[in-house]
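*Asks:* My file is data.tsv. It has TSV, N, CA and C atoms:
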```tsv
chain	number	residue	atom	x	y	z
O	286	MET	N	-14.58	2.90	-2.48
O	286	MET	CA	-14.26	2.11	-1.30
O	286	MET	C	-14.30	3.01	-0.08
O	287	SER	N	-14.81	2.50	0.97
O	287	SER	CA	-14.83	3.29	2.18
O	287	SER	C	-13.57	3.03	2.97
O	288	SER	N	-13.12	4.03	3.66
O	288	SER	CA	-11.87	3.92	4.40
O	288	SER	C	-12.10	3.30	5.78
O	289	LEU	N	-11.29	2.31	6.09
O	289	LEU	CA	-11.30	1.73	7.42
O	289	LEU	C	-10.41	2.51	8.36
O	290	HIS	N	-9.45	3.20	7.79
O	290	HIS	CA	-8.45	3.92	8.56
O	290	HIS	C	-8.28	5.30	7.95
O	291	ALA	N	-8.03	6.28	8.77
O	291	ALA	CA	-7.80	7.63	8.26
O	291	ALA	C	-6.29	7.84	8.19
O	292	PHE	N	-5.75	7.76	6.97
O	292	PHE	CA	-4.33	7.99	6.78
O	292	PHE	C	-4.08	9.50	6.73
O	293	THR	N	-3.02	9.93	7.39
O	293	THR	CA	-2.67	11.35	7.48
O	293	THR	C	-1.26	11.56	6.95
O	294	GLU	N	-0.79	12.79	6.98
O	294	GLU	CA	0.56	13.09	6.51
O	294	GLU	C	1.61	12.31	7.29
O	295	ALA	N	1.32	11.92	8.51
O	295	ALA	CA	2.26	11.12	9.30
O	295	ALA	C	2.50	9.75	8.67
O	296	SER	N	1.61	9.34	7.77
O	296	SER	CA	1.75	8.05	7.08
O	296	SER	C	2.81	8.10	5.97
O	297	LEU	N	3.14	9.30	5.54
O	297	LEU	CA	4.01	9.49	4.39
O	297	LEU	C	5.45	9.72	4.81
O	298	ASP	N	6.39	9.17	4.04
O	298	ASP	CA	7.81	9.37	4.28
O	298	ASP	C	8.14	10.86	4.11
O	299	ALA	N	9.14	11.33	4.83
O	299	ALA	CA	9.53	12.74	4.76
O	299	ALA	C	9.95	13.14	3.35
O	300	SER	N	10.41	12.19	2.55
O	300	SER	CA	10.85	12.50	1.19
O	300	SER	C	9.68	12.66	0.21
O	301	PHE	N	8.47	12.39	0.65
O	301	PHE	CA	7.30	12.46	-0.23
O	301	PHE	C	7.05	13.90	-0.66
O	302	ALA	N	6.85	14.12	-1.95
O	302	ALA	CA	6.67	15.47	-2.49
O	302	ALA	C	5.46	16.15	-1.88
O	303	ARG	N	5.65	17.36	-1.40
O	303	ARG	CA	4.56	18.13	-0.78
O	303	ARG	C	3.40	18.35	-1.75
O	304	ALA	N	3.70	18.55	-3.02
O	304	ALA	CA	2.68	18.88	-4.02
O	304	ALA	C	1.67	17.76	-4.22
O	305	THR	N	2.05	16.53	-3.92
O	305	THR	CA	1.15	15.41	-4.17
O	305	THR	C	0.60	14.76	-2.90
O	306	ARG	N	0.92	15.31	-1.75
O	306	ARG	CA	0.49	14.69	-0.49
O	306	ARG	C	-1.02	14.58	-0.35
O	307	CYS	N	-1.75	15.63	-0.67
O	307	CYS	CA	-3.21	15.62	-0.53
O	307	CYS	C	-3.85	14.57	-1.44
O	308	GLU	N	-3.41	14.55	-2.70
O	308	GLU	CA	-3.93	13.55	-3.65
O	308	GLU	C	-3.63	12.13	-3.17
O	309	THR	N	-2.43	11.93	-2.67
O	309	THR	CA	-2.01	10.61	-2.19
O	309	THR	C	-2.87	10.16	-1.03
O	310	LEU	N	-3.09	11.03	-0.08
O	310	LEU	CA	-3.90	10.66	1.08
O	310	LEU	C	-5.33	10.35	0.67
O	311	THR	N	-5.85	11.07	-0.31
O	311	THR	CA	-7.19	10.77	-0.83
O	311	THR	C	-7.23	9.36	-1.42
O	312	LEU	N	-6.21	8.99	-2.21
O	312	LEU	CA	-6.15	7.64	-2.77
O	312	LEU	C	-6.10	6.59	-1.67
O	313	LEU	N	-5.26	6.80	-0.68
O	313	LEU	CA	-5.12	5.81	0.40
O	313	LEU	C	-6.42	5.67	1.19
O	314	ASN	N	-7.10	6.78	1.40
O	314	ASN	CA	-8.31	6.77	2.23
O	314	ASN	C	-9.58	6.37	1.48
O	315	THR	N	-9.60	6.52	0.16
O	315	THR	CA	-10.86	6.27	-0.56
O	315	THR	C	-10.79	5.19	-1.62
O	316	ARG	N	-9.60	4.93	-2.20
O	316	ARG	CA	-9.55	3.99	-3.32
O	316	ARG	C	-8.77	2.71	-3.04
O	317	LEU	N	-7.87	2.72	-2.07
O	317	LEU	CA	-7.11	1.52	-1.75
O	317	LEU	C	-8.05	0.48	-1.16
O	318	HIS	N	-7.90	-0.77	-1.58
O	318	HIS	CA	-8.75	-1.86	-1.12
O	318	HIS	C	-8.74	-1.94	0.42
O	319	PRO	N	-9.89	-2.14	1.05
O	319	PRO	CA	-9.97	-2.17	2.52
O	319	PRO	C	-9.03	-3.18	3.17
O	320	ALA	N	-8.82	-4.33	2.56
O	320	ALA	CA	-7.90	-5.33	3.14
O	320	ALA	C	-6.48	-4.79	3.18
O	321	LEU	N	-6.09	-4.06	2.14
O	321	LEU	CA	-4.75	-3.48	2.13
O	321	LEU	C	-4.67	-2.24	3.02
O	322	GLN	N	-5.78	-1.53	3.18
O	322	GLN	CA	-5.80	-0.42	4.13
O	322	GLN	C	-5.47	-0.93	5.54
O	323	LYS	N	-6.02	-2.06	5.89
O	323	LYS	CA	-5.79	-2.64	7.22
O	323	LYS	C	-4.31	-3.01	7.41
O	324	ILE	N	-3.73	-3.65	6.39
O	324	ILE	CA	-2.31	-4.03	6.46
O	324	ILE	C	-1.44	-2.77	6.48
O	325	LEU	N	-1.77	-1.80	5.63
O	325	LEU	CA	-1.01	-0.55	5.61
O	325	LEU	C	-1.05	0.15	6.96
O	326	ALA	N	-2.20	0.19	7.59
O	326	ALA	CA	-2.32	0.81	8.92
O	326	ALA	C	-1.42	0.11	9.93
O	327	ALA	N	-1.36	-1.21	9.88
O	327	ALA	CA	-0.48	-1.97	10.79
O	327	ALA	C	0.98	-1.67	10.52
O	328	GLU	N	1.35	-1.57	9.26
O	328	GLU	CA	2.73	-1.25	8.90
O	328	GLU	C	3.10	0.16	9.36
O	329	ILE	N	2.20	1.11	9.17
O	329	ILE	CA	2.46	2.48	9.60
O	329	ILE	C	2.58	2.54	11.12
O	330	ALA	N	1.73	1.80	11.82
O	330	ALA	CA	1.79	1.77	13.29
O	330	ALA	C	3.13	1.20	13.78
O	331	SER	N	3.75	0.33	12.97
O	331	SER	CA	5.03	-0.25	13.37
O	331	SER	C	6.21	0.60	12.89
O	332	GLY	N	5.94	1.76	12.29
O	332	GLY	CA	7.00	2.69	11.91
O	332	GLY	C	7.31	2.77	10.43
O	333	ASN	N	6.70	1.94	9.60
O	333	ASN	CA	6.93	2.00	8.17
O	333	ASN	C	6.23	3.24	7.60
O	334	ARG	N	6.67	3.72	6.45
O	334	ARG	CA	6.07	4.90	5.83
O	334	ARG	C	5.91	4.69	4.32
O	335	VAL	N	4.91	5.37	3.76
O	335	VAL	CA	4.62	5.32	2.33
O	335	VAL	C	5.63	6.21	1.59
O	336	VAL	N	6.24	5.66	0.53
O	336	VAL	CA	7.18	6.46	-0.28
O	336	VAL	C	6.65	6.73	-1.68
O	337	ASP	N	5.65	5.96	-2.13
O	337	ASP	CA	5.11	6.17	-3.47
O	337	ASP	C	3.72	5.56	-3.56
O	338	VAL	N	2.86	6.21	-4.33
O	338	VAL	CA	1.52	5.70	-4.60
O	338	VAL	C	1.23	5.98	-6.07
O	339	GLY	N	0.67	4.99	-6.75
O	339	GLY	CA	0.30	5.16	-8.14
O	339	GLY	C	-1.05	4.51	-8.42
O	340	ILE	N	-1.59	4.81	-9.57
O	340	ILE	CA	-2.88	4.25	-9.96
O	340	ILE	C	-2.80	3.61	-11.34
O	341	ASP	N	-3.79	2.78	-11.61
O	341	ASP	CA	-3.98	2.15	-12.91
O	341	ASP	C	-2.85	1.21	-13.33
O	342	TRP	N	-2.17	0.63	-12.37
O	342	TRP	CA	-1.20	-0.44	-12.62
O	342	TRP	C	-1.27	-1.40	-11.45
O	343	PRO	N	-1.36	-2.64	-11.63
O	343	PRO	CA	-1.26	-3.38	-12.88
O	343	PRO	C	-2.56	-3.43	-13.70
O	344	ASP	N	-3.66	-2.96	-13.14
O	344	ASP	CA	-4.94	-2.95	-13.85
O	344	ASP	C	-5.52	-1.54	-13.82
O	345	ALA	N	-6.38	-1.23	-14.76
O	345	ALA	CA	-7.13	0.02	-14.70
O	345	ALA	C	-7.94	0.00	-13.40
O	346	GLY	N	-7.86	1.07	-12.64
O	346	GLY	CA	-8.56	1.15	-11.36
O	346	GLY	C	-7.74	0.67	-10.17
O	347	SER	N	-6.56	0.12	-10.42
O	347	SER	CA	-5.69	-0.34	-9.33
O	347	SER	C	-5.05	0.83	-8.59
O	348	VAL	N	-4.70	0.56	-7.34
O	348	VAL	CA	-3.85	1.46	-6.56
O	348	VAL	C	-2.68	0.62	-6.09
O	349	HIS	N	-1.45	1.13	-6.29
O	349	HIS	CA	-0.28	0.44	-5.75
O	349	HIS	C	0.48	1.39	-4.84
O	350	VAL	N	0.90	0.84	-3.71
O	350	VAL	CA	1.55	1.62	-2.65
O	350	VAL	C	2.90	1.00	-2.35
O	351	THR	N	3.95	1.82	-2.33
O	351	THR	CA	5.29	1.34	-2.00
O	351	THR	C	5.66	1.86	-0.62
O	352	LEU	N	6.13	0.94	0.23
O	352	LEU	CA	6.56	1.29	1.58
O	352	LEU	C	8.08	1.38	1.66
O	353	HIS	N	8.57	2.18	2.58
O	353	HIS	CA	10.00	2.42	2.75
O	353	HIS	C	10.74	1.18	3.22
O	354	ASN	N	10.23	0.53	4.26
O	354	ASN	CA	10.91	-0.62	4.85
O	354	ASN	C	10.31	-1.94	4.38
O	355	HIS	N	11.14	-2.96	4.39
O	355	HIS	CA	10.65	-4.30	4.05
O	355	HIS	C	9.61	-4.76	5.07
O	356	PHE	N	8.66	-5.55	4.62
O	356	PHE	CA	7.74	-6.22	5.53
O	356	PHE	C	7.82	-7.71	5.25
O	357	ASP	N	7.21	-8.49	6.12
O	357	ASP	CA	7.23	-9.94	5.95
O	357	ASP	C	5.81	-10.44	5.75
O	358	ASN	N	5.61	-11.71	5.93
O	358	ASN	CA	4.31	-12.33	5.66
O	358	ASN	C	3.39	-12.37	6.89
O	359	ARG	N	3.64	-11.56	7.89
O	359	ARG	CA	2.85	-11.60	9.13
O	359	ARG	C	1.36	-11.34	8.91
O	360	HIS	N	1.01	-10.69	7.80
O	360	HIS	CA	-0.39	-10.41	7.48
O	360	HIS	C	-0.93	-11.37	6.43
O	361	ALA	N	-0.23	-12.45	6.17
O	361	ALA	CA	-0.55	-13.36	5.06
O	361	ALA	C	-1.93	-14.00	5.18
O	362	ASN	N	-2.45	-14.11	6.36
O	362	ASN	CA	-3.77	-14.72	6.50
O	362	ASN	C	-4.90	-13.69	6.40
O	363	ALA	N	-4.56	-12.47	6.00
O	363	ALA	CA	-5.59	-11.43	5.85
O	363	ALA	C	-6.56	-11.83	4.73
O	364	GLU	N	-7.80	-11.50	4.96
O	364	GLU	CA	-8.85	-11.84	3.99
O	364	GLU	C	-8.65	-11.05	2.69
O	365	ALA	N	-8.80	-11.70	1.57
O	365	ALA	CA	-8.81	-11.11	0.23
O	365	ALA	C	-7.43	-10.68	-0.29
O	366	VAL	N	-6.34	-11.12	0.38
O	366	VAL	CA	-4.99	-10.77	-0.09
O	366	VAL	C	-4.09	-11.99	-0.15
O	367	VAL	N	-3.05	-11.86	-0.98
O	367	VAL	CA	-2.03	-12.89	-1.13
O	367	VAL	C	-0.67	-12.24	-0.90
O	368	PHE	N	0.22	-12.92	-0.18
O	368	PHE	CA	1.59	-12.44	0.03
O	368	PHE	C	2.51	-13.13	-0.97
O	369	SER	N	3.41	-12.35	-1.57
O	369	SER	CA	4.40	-12.91	-2.49
O	369	SER	C	5.77	-12.35	-2.14
O	370	LEU	N	6.76	-13.22	-2.08
O	370	LEU	CA	8.14	-12.81	-1.86
O	370	LEU	C	8.83	-12.77	-3.21
O	371	CYS	N	9.13	-11.58	-3.69
O	371	CYS	CA	9.78	-11.42	-4.99
O	371	CYS	C	11.30	-11.41	-4.80
O	372	ASP	N	11.77	-10.61	-3.85
O	372	ASP	CA	13.18	-10.48	-3.47
O	372	ASP	C	14.09	-10.31	-4.69
O	373	ASP	N	13.67	-9.45	-5.61
O	373	ASP	CA	14.45	-9.15	-6.81
O	373	ASP	C	14.83	-7.67	-6.75
O	374	PRO	N	16.12	-7.34	-6.68
O	374	PRO	CA	16.52	-5.93	-6.54
O	374	PRO	C	16.09	-5.05	-7.71
O	375	HIS	N	15.73	-5.65	-8.84
O	375	HIS	CA	15.25	-4.87	-9.97
O	375	HIS	C	13.78	-4.47	-9.82
O	376	TYR	N	13.07	-5.17	-8.96
O	376	TYR	CA	11.65	-4.90	-8.75
O	376	TYR	C	11.41	-4.53	-7.29
O	377	TRP	N	11.06	-5.48	-6.46
O	377	TRP	CA	10.83	-5.20	-5.05
O	377	TRP	C	11.08	-6.45	-4.23
O	378	HIS	N	11.00	-6.27	-2.92
O	378	HIS	CA	11.28	-7.38	-1.99
O	378	HIS	C	10.06	-8.30	-1.85
O	379	ALA	N	8.91	-7.72	-1.56
O	379	ALA	CA	7.70	-8.51	-1.32
O	379	ALA	C	6.47	-7.66	-1.60
O	380	ASP	N	5.32	-8.34	-1.71
O	380	ASP	CA	4.09	-7.59	-1.90
O	380	ASP	C	2.90	-8.36	-1.34
O	381	TYR	N	1.89	-7.59	-1.04
O	381	TYR	CA	0.55	-8.11	-0.78
O	381	TYR	C	-0.30	-7.64	-1.94
O	382	SER	N	-1.07	-8.54	-2.52
O	382	SER	CA	-1.96	-8.16	-3.62
O	382	SER	C	-3.37	-8.67	-3.34
O	383	THR	N	-4.34	-7.95	-3.85
O	383	THR	CA	-5.73	-8.38	-3.66
O	383	THR	C	-6.03	-9.53	-4.60
O	384	THR	N	-6.99	-10.35	-4.23
O	384	THR	CA	-7.36	-11.51	-5.03
O	384	THR	C	-8.42	-11.18	-6.07
O	385	SER	N	-9.02	-10.02	-5.97
O	385	SER	CA	-10.05	-9.61	-6.94
O	385	SER	C	-9.52	-8.51	-7.84
O	386	LYS	N	-10.14	-8.35	-8.98
O	386	LYS	CA	-9.76	-7.28	-9.93
O	386	LYS	C	-10.56	-6.04	-9.63
O	387	PRO	N	-10.00	-4.86	-9.78
O	387	PRO	CA	-8.63	-4.63	-10.16
O	387	PRO	C	-7.67	-4.99	-9.03
O	388	THR	N	-6.50	-5.46	-9.38
O	388	THR	CA	-5.50	-5.88	-8.40
O	388	THR	C	-4.85	-4.65	-7.76
O	389	HIS	N	-4.97	-4.55	-6.45
O	389	HIS	CA	-4.28	-3.49	-5.70
O	389	HIS	C	-3.05	-4.12	-5.07
O	390	LEU	N	-1.96	-3.34	-4.94
O	390	LEU	CA	-0.70	-3.86	-4.43
O	390	LEU	C	-0.15	-3.01	-3.30
O	391	LEU	N	0.43	-3.67	-2.31
O	391	LEU	CA	1.23	-3.06	-1.26
O	391	LEU	C	2.62	-3.64	-1.43
O	392	ILE	N	3.60	-2.81	-1.76
O	392	ILE	CA	4.93	-3.25	-2.18
O	392	ILE	C	5.99	-2.72	-1.22
O	393	CYS	N	7.02	-3.53	-1.01
O	393	CYS	CA	8.19	-3.02	-0.27
O	393	CYS	C	9.47	-3.45	-0.97
```
The structure given in the file should be rewritten as structure tokens.
*Replies:*
Amino acid sequence: MSSLHAFTEASLDASFARATRCETLTLLNTRLHPALQKILAAEIASGNRVVDVGIDWPDAGSVHVTLHNHFDNRHANAEAVVFSLCDDPHYWHADYSTTSKPTHLLIC
């Protein structure tokens, strides 16, 4: 996937482990679905920060990104994504997920 936005260390929460910052930024810039890159860039611009990034869940090839602050459905009309309000303290508050496989997630 080509990057629409260049995510930098400023995108990451201060608590993010230094040892994995480079790998994380590579995932955000090259493997995260472009529709979620656009939403993530808007969230970062509004002051939110990435606290965790993982791969291969929920599908092989997926990228999932967890943000520090809650977000709402303001990006719900974005192309190729669906907004879901989970609001379960055992899981997460809300997410944006891609409509195609592998499913990529932006979680708060």
*Asks:* If you run DSSP on this backbone, which residues of chain O come out as strand (DSSP E), and could you give them as a PyMOL selection string?
*Replies:* chain O and resi 335-340+348-352+366-370+379-383+390-392
*Asks:* Hey, what's within 8 Å of region 332-339 of chain O if we count only N, CA and C atoms and toss same-chain stuff fewer than 4 positions away? As a short mmCIF file (atom, residue, chain, number, x, y, z; two decimals) with N, CA and C atoms, in the frame of the given file, please?
*Replies:*
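Below is the file result.cif, written as the result:
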```cif
data_model
loop_
_atom_site.label_atom_id
_atom_site.label_comp_id
_atom_site.auth_asym_id
_atom_site.auth_seq_id
_atom_site.Cartn_x
_atom_site.Cartn_y
_atom_site.Cartn_z
N ALA O 295 1.32 11.92 8.51
CA ALA O 295 2.26 11.12 9.30
C ALA O 295 2.50 9.75 8.67
N SER O 296 1.61 9.34 7.77
CA SER O 296 1.75 8.05 7.08
C SER O 296 2.81 8.10 5.97
N LEU O 297 3.14 9.30 5.54
CA LEU O 297 4.01 9.49 4.39
C LEU O 297 5.45 9.72 4.81
N ASP O 298 6.39 9.17 4.04
CA ASP O 298 7.81 9.37 4.28
C ASP O 298 8.14 10.86 4.11
N ALA O 299 9.14 11.33 4.83
CA ALA O 299 9.53 12.74 4.76
C ALA O 299 9.95 13.14 3.35
N SER O 300 10.41 12.19 2.55
CA SER O 300 10.85 12.50 1.19
C SER O 300 9.68 12.66 0.21
N PHE O 301 8.47 12.39 0.65
CA PHE O 301 7.30 12.46 -0.23
C PHE O 301 7.05 13.90 -0.66
N ALA O 302 6.85 14.12 -1.95
CA ALA O 302 6.67 15.47 -2.49
C ALA O 302 5.46 16.15 -1.88
N THR O 309 -2.43 11.93 -2.67
CA THR O 309 -2.01 10.61 -2.19
C THR O 309 -2.87 10.16 -1.03
N LEU O 313 -5.26 6.80 -0.68
CA LEU O 313 -5.12 5.81 0.40
C LEU O 313 -6.42 5.67 1.19
N LEU O 325 -1.77 -1.80 5.63
CA LEU O 325 -1.01 -0.55 5.61
C LEU O 325 -1.05 0.15 6.96
N ALA O 326 -2.20 0.19 7.59
CA ALA O 326 -2.32 0.81 8.92
C ALA O 326 -1.42 0.11 9.93
N ALA O 327 -1.36 -1.21 9.88
CA ALA O 327 -0.48 -1.97 10.79
C ALA O 327 0.98 -1.67 10.52
N GLU O 328 1.35 -1.57 9.26
CA GLU O 328 2.73 -1.25 8.90
C GLU O 328 3.10 0.16 9.36
N PRO O 343 -1.36 -2.64 -11.63
CA PRO O 343 -1.26 -3.38 -12.88
C PRO O 343 -2.56 -3.43 -13.70
N GLY O 346 -7.86 1.07 -12.64
CA GLY O 346 -8.56 1.15 -11.36
C GLY O 346 -7.74 0.67 -10.17
N SER O 347 -6.56 0.12 -10.42
CA SER O 347 -5.69 -0.34 -9.33
C SER O 347 -5.05 0.83 -8.59
N VAL O 348 -4.70 0.56 -7.34
CA VAL O 348 -3.85 1.46 -6.56
C VAL O 348 -2.68 0.62 -6.09
N HIS O 349 -1.45 1.13 -6.29
CA HIS O 349 -0.28 0.44 -5.75
C HIS O 349 0.48 1.39 -4.84
N VAL O 350 0.90 0.84 -3.71
CA VAL O 350 1.55 1.62 -2.65
C VAL O 350 2.90 1.00 -2.35
N THR O 351 3.95 1.82 -2.33
CA THR O 351 5.29 1.34 -2.00
C THR O 351 5.66 1.86 -0.62
N LEU O 352 6.13 0.94 0.23
CA LEU O 352 6.56 1.29 1.58
C LEU O 352 8.08 1.38 1.66
N HIS O 353 8.57 2.18 2.58
CA HIS O 353 10.00 2.42 2.75
C HIS O 353 10.74 1.18 3.22
N ASN O 354 10.23 0.53 4.26
CA ASN O 354 10.91 -0.62 4.85
C ASN O 354 10.31 -1.94 4.38
N HIS O 355 11.14 -2.96 4.39
CA HIS O 355 10.65 -4.30 4.05
C HIS O 355 9.61 -4.76 5.07
#
```
*Asks:* For a test of reading the model, state the distance in Å between CA of Trp377 (chain O) and CA of Leu317 (chain O), rounded to one decimal.
*Replies:*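 Going from CA of Trp377 (chain O) over to CA of Leu317 (chain O) covers 19.4 Å.
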*Asks:* Report, in Å to a single decimal, how far apart atom C of Phe356 (chain O) and atom N of Cys393 (chain O) are.
*Replies:*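 Distance between the two atoms: 7.6 Å.
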*Asks:* Could you check which of O:Arg303, O:Glu364, O:Ala379, O:Arg359 is closest to Leu391 (chain O), using all atoms listed in the file?
*Replies:* O:Ala379
